[in-house]
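Contents: one structure, followed by commentary.
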Amino acid sequence: MTKTKRMIEECLGRIDVVIELVDARIPLSSKNPDIMRLCKDKPRMIVLNKSDLSDSIQNKKWLQYYREQGYHAILFDSKNKKKNSSNLLLDQIHNFCSEKTRKDTERGMSGKAIKIMVLGIPNVGKSTFINCISGSNRAKAEDRPGVTRGKQWISLQNGIDLLDMPGILWPKIEDQTIAEKLAITGAIKDNILDIESLSIKLLTILKENYEKSLRARYKITEDLPNDYYDLLCIIGKKRGFIVSGGQIDTERTAIILIDEFRAGKIGNFTLDVL
Ligand code: G4P
């Protein structure tokens, strides 16, 4: 981590724009405040990635939140293979850098590439994002502990060069709630809590904010119980996860619940609710 930060600092001098990726389902919990500290003097864009999985109303609120904080904030879905979505993003980078481009032209350096760097915590979709905007598979998921890979410049269309950095920038886990949300979305290992407790945290947020979708997915018509473990049991029963003796297999239910949330099968949800 220290090595990664040092490398980022060393490269910053050559960078025009830092693109910070966050997970649109947890736009605050997936943000590493070190990025802001490291890159404080650099123009920064914030990309709320995985916006195909998050709540569209919350997406708008989070865009506004970050814009009010002075960021150039945009929504993105890195799995969207349509060329025009990555072209639109590249256009946004150009617009964002129009002042720099104007100055370069005045100095007789027109056509100079805009140099960008993409940063984000693991699982935020950095490799998928880079592949999407570069139209290649150059950014392989190799940023794993013990695997070394050098930095590489990738030339994108429209005169933008992207510096693909190795290394892992771990999330900043300032409290238990952040840890739970990171675990639910898969950014950190889900063994920080047992899976049933984690699913109960998820159910708490879903019941408070997205009850209709929860009911629809698991065909719940009865009143929801106040106890979240009882709610987990209702879901298990609906799914037929019964073990010998007629007991509900709550562990299996919890695993399914988390998996279906991650795959967006229950609905489009944002866990950091504004
Ligand atoms: P990282 O480099 O930041 O660690 O993340 P990576 O690109 O490896 O993406 C982590 C997971 O998130 C991958 O799923 C990837 O497909 C998914 N992902 C990335 N961006 C988006 C997005 O905008 N929308 C959606 N829906 N998913 C996204 P995986 O299950 O780990 O692997 P796989 O499904 O690609 O096999």
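Every chain in the structure tokens has a letter given in the order shown (A, B, ...), and although residue numbers restart at 1 in each chain, ligands are simply numbered from 1 in the order shown.
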
Could you make a table, as CSV, of the residues of chain A that have an atom within 10 Å of an atom of ligand 1, each with its nearest atom pair and distance in Å to one decimal, counting only C-alpha atoms and all ligand atoms, in chain and number order?
residue,atom,partner,partner_atom_place_in_ligand_line,distance
A:Leu21,CA,ligand 1,3 (O),8.3
A:Val22,CA,ligand 1,3 (O),9.1
A:Asp23,CA,ligand 1,23 (O),8.3
A:Ala24,CA,ligand 1,23 (O),8.8
A:Leu48,CA,ligand 1,23 (O),8.5
A:Asn49,CA,ligand 1,23 (O),4.9
A:Lys50,CA,ligand 1,23 (O),3.3
A:Ser51,CA,ligand 1,23 (O),6.2
A:Asp52,CA,ligand 1,24 (N),5.8
A:Leu53,CA,ligand 1,26 (N),5.7
A:Ser54,CA,ligand 1,26 (N),9.1
A:Leu75,CA,ligand 1,23 (O),9.2
A:Phe76,CA,ligand 1,23 (O),6.2
A:Asp77,CA,ligand 1,23 (O),3.5
A:Ser78,CA,ligand 1,23 (O),3.7
A:Lys79,CA,ligand 1,22 (C),4.8
A:Asn80,CA,ligand 1,23 (O),7.2
A:Val118,CA,ligand 1,3 (O),9.9
A:Leu119,CA,ligand 1,3 (O),8.6
A:Gly120,CA,ligand 1,3 (O),6.5
A:Ile121,CA,ligand 1,3 (O),6.2
A:Pro122,CA,ligand 1,4 (O),3.8
A:Asn123,CA,ligand 1,4 (O),3.5
A:Val124,CA,ligand 1,3 (O),4.1
A:Gly125,CA,ligand 1,5 (O),3.3
A:Lys126,CA,ligand 1,3 (O),3.6
A:Ser127,CA,ligand 1,7 (O),3.7
A:Thr128,CA,ligand 1,7 (O),3.7
A:Phe129,CA,ligand 1,20 (N),6.1
A:Ile130,CA,ligand 1,7 (O),8.0
A:Asn131,CA,ligand 1,7 (O),8.4
A:Cys132,CA,ligand 1,20 (N),9.1
A:Ala139,CA,ligand 1,2 (O),8.1
A:Lys140,CA,ligand 1,2 (O),7.9
A:Ala141,CA,ligand 1,8 (O),5.4
A:Glu142,CA,ligand 1,2 (O),8.2
A:Asp143,CA,ligand 1,4 (O),7.2
A:Arg144,CA,ligand 1,4 (O),8.6
A:Ile168,CA,ligand 1,4 (O),8.6
A:Leu169,CA,ligand 1,3 (O),9.6
A:Thr185,CA,ligand 1,12 (O),9.4
A:Gly186,CA,ligand 1,11 (C),8.4
A:Ala187,CA,ligand 1,4 (O),8.0
A:Arg262,CA,ligand 1,30 (O),8.5
A:Ala263,CA,ligand 1,26 (N),7.2
A:Gly264,CA,ligand 1,26 (N),7.7

With C-alpha atoms retained, write the just-selected residues as a compact mmCIF listing (two decimals), in the first residue's frame.
# COMPACT_ATOMS: atom_id res chain seq x y z
CA LEU A 21 -13.57 5.24 -9.50
CA VAL A 22 -16.15 4.49 -6.83
CA ASP A 23 -18.86 1.83 -6.68
CA ALA A 24 -22.18 3.58 -7.36
CA LEU A 48 -19.62 6.27 -10.17
CA ASN A 49 -19.06 2.90 -11.78
CA LYS A 50 -21.54 -0.02 -11.73
CA SER A 51 -24.36 2.51 -12.05
CA ASP A 52 -26.30 -0.24 -13.87
CA LEU A 53 -26.63 -1.95 -10.46
CA SER A 54 -27.44 1.08 -8.29
CA LEU A 75 -22.15 7.78 -13.89
CA PHE A 76 -20.69 4.85 -15.78
CA ASP A 77 -21.40 1.21 -16.56
CA SER A 78 -18.15 -0.47 -17.56
CA LYS A 79 -19.97 -3.59 -18.68
CA ASN A 80 -21.88 -1.65 -21.30
CA VAL A 118 -7.39 5.77 -12.91
CA LEU A 119 -7.47 4.99 -9.19
CA GLY A 120 -9.86 3.06 -7.00
CA ILE A 121 -10.12 0.37 -4.36
CA PRO A 122 -10.21 -3.31 -5.44
CA ASN A 123 -13.42 -4.62 -7.04
CA VAL A 124 -14.62 -1.12 -7.93
CA GLY A 125 -14.23 -2.19 -11.55
CA LYS A 126 -10.90 -0.57 -12.44
CA SER A 127 -9.74 -3.27 -14.88
CA THR A 128 -13.19 -3.53 -16.49
CA PHE A 129 -13.36 0.27 -16.79
CA ILE A 130 -9.91 0.49 -18.40
CA ASN A 131 -10.76 -2.33 -20.81
CA CYS A 132 -14.02 -0.62 -21.66
CA ALA A 139 -5.82 -4.38 -18.08
CA LYS A 140 -6.01 -7.93 -16.83
CA ALA A 141 -7.13 -8.64 -13.28
CA GLU A 142 -3.56 -9.12 -12.13
CA ASP A 143 -3.53 -6.65 -9.26
CA ARG A 144 -3.44 -9.37 -6.71
CA ILE A 168 -3.54 -2.20 -4.68
CA LEU A 169 -5.17 0.75 -2.98
CA THR A 185 -20.72 -5.59 -2.34
CA GLY A 186 -17.71 -7.93 -2.50
CA ALA A 187 -14.97 -5.29 -2.18
CA ARG A 262 -24.42 -8.57 -6.02
CA ALA A 263 -25.83 -9.76 -9.33
CA GLY A 264 -28.55 -7.09 -9.22

*asked:* Taking 3 positions as the minimum chain separation for residues in the same chain, which residues sit within 8 Å of A:Ser86 when counting only C-alpha atoms? Answer as a count of residues only.
replied: 6

_Test item: residues at most 8 Å from A:Met165, only C-alpha atoms, excluding those fewer than 5 positions along its chain, as an MDAnalysis selection string_ = chainID A and resid 8 117:118 150:152

Take the selection from the previous step and output its residues with all heavy atoms, as an mmCIF file, in the first residue's frame.
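part14.cif written:
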data_model
loop_
_atom_site.group_PDB
_atom_site.id
_atom_site.type_symbol
_atom_site.label_atom_id
_atom_site.label_comp_id
_atom_site.auth_asym_id
_atom_site.auth_seq_id
_atom_site.Cartn_x
_atom_site.Cartn_y
_atom_site.Cartn_z
ATOM 1 N N ILE A 8 2.234 6.320 -6.950
ATOM 2 C CA ILE A 8 1.243 7.295 -7.441
ATOM 3 C C ILE A 8 1.857 8.701 -7.360
ATOM 4 O O ILE A 8 1.813 9.474 -8.322
ATOM 5 C CB ILE A 8 -0.062 7.227 -6.608
ATOM 6 C CG1 ILE A 8 -0.768 5.891 -6.843
ATOM 7 C CG2 ILE A 8 -1.001 8.397 -6.936
ATOM 8 C CD1 ILE A 8 -1.937 5.606 -5.908
ATOM 9 N N MET A 117 -4.922 9.127 -15.135
ATOM 10 C CA MET A 117 -4.597 7.991 -14.258
ATOM 11 C C MET A 117 -5.904 7.574 -13.601
ATOM 12 O O MET A 117 -6.716 8.418 -13.227
ATOM 13 C CB MET A 117 -3.610 8.483 -13.197
ATOM 14 C CG MET A 117 -3.167 7.469 -12.183
ATOM 15 S SD MET A 117 -2.355 8.339 -10.800
ATOM 16 C CE MET A 117 -0.674 8.180 -11.260
ATOM 17 N N VAL A 118 -6.137 6.264 -13.499
ATOM 18 C CA VAL A 118 -7.391 5.770 -12.908
ATOM 19 C C VAL A 118 -7.075 5.096 -11.574
ATOM 20 O O VAL A 118 -6.225 4.202 -11.510
ATOM 21 C CB VAL A 118 -8.078 4.756 -13.853
ATOM 22 C CG1 VAL A 118 -9.385 4.258 -13.252
ATOM 23 C CG2 VAL A 118 -8.333 5.376 -15.220
ATOM 24 N N GLY A 150 4.275 -4.141 -14.275
ATOM 25 C CA GLY A 150 4.775 -2.770 -14.382
ATOM 26 C C GLY A 150 3.683 -1.797 -14.766
ATOM 27 O O GLY A 150 2.589 -2.210 -15.131
ATOM 28 N N LYS A 151 4.028 -0.486 -14.664
ATOM 29 C CA LYS A 151 3.067 0.501 -15.141
ATOM 30 C C LYS A 151 3.087 0.461 -16.672
ATOM 31 O O LYS A 151 4.101 0.152 -17.261
ATOM 32 C CB LYS A 151 3.401 1.939 -14.751
ATOM 33 C CG LYS A 151 4.350 2.179 -13.637
ATOM 34 C CD LYS A 151 4.489 3.657 -13.409
ATOM 35 C CE LYS A 151 5.884 4.186 -13.658
ATOM 36 N NZ LYS A 151 6.815 3.919 -12.555
ATOM 37 N N GLN A 152 1.974 0.787 -17.269
ATOM 38 C CA GLN A 152 1.977 0.851 -18.731
ATOM 39 C C GLN A 152 1.074 1.977 -19.207
ATOM 40 O O GLN A 152 0.029 2.243 -18.617
ATOM 41 C CB GLN A 152 1.541 -0.480 -19.347
ATOM 42 C CG GLN A 152 0.201 -0.988 -18.860
ATOM 43 C CD GLN A 152 -0.285 -2.207 -19.648
ATOM 44 O OE1 GLN A 152 0.143 -2.470 -20.763
ATOM 45 N NE2 GLN A 152 -1.197 -2.957 -19.050
#

*Name the residues of stretch 92-227 of chain A that fall into strand (DSSP E) according to DSSP on the backbone, using the chain letters and numbers of this document, as a PyMOL selection string.*
chain A and resi 114-119+152-156+160-164

*as a PyMOL selection string, list the residues of stretch 48-188 of chain A assigned to alpha helix (DSSP H) by DSSP on the backbone atoms of this structure.*
chain A and resi 56-68+83-96+98-106+126-134+176-185

Quick one: which stretch 26-136 of chain A residues come within 10 Å of stretch 172-175 of chain A, and what is the nearest atom pair for each with the distance in Å to one decimal, counting only C-alpha atoms, rows ordered by chain and ascending number, as CSV?
residue,atom,partner,partner_atom,distance
A:Ser29,CA,A:Ile173,CA,8.1
A:Ser30,CA,A:Lys172,CA,8.1
A:Lys31,CA,A:Lys172,CA,7.8
A:Asn32,CA,A:Lys172,CA,5.6
A:Pro33,CA,A:Lys172,CA,7.2
A:Asp34,CA,A:Lys172,CA,8.1
A:Ile121,CA,A:Lys172,CA,9.0

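With only C-alpha atoms as the basis for measurement, A:Ile266 is the residue among A:Leu202, A:Ala179, A:Ile266, A:Ile255 that approaches A:Arg215 most closely.
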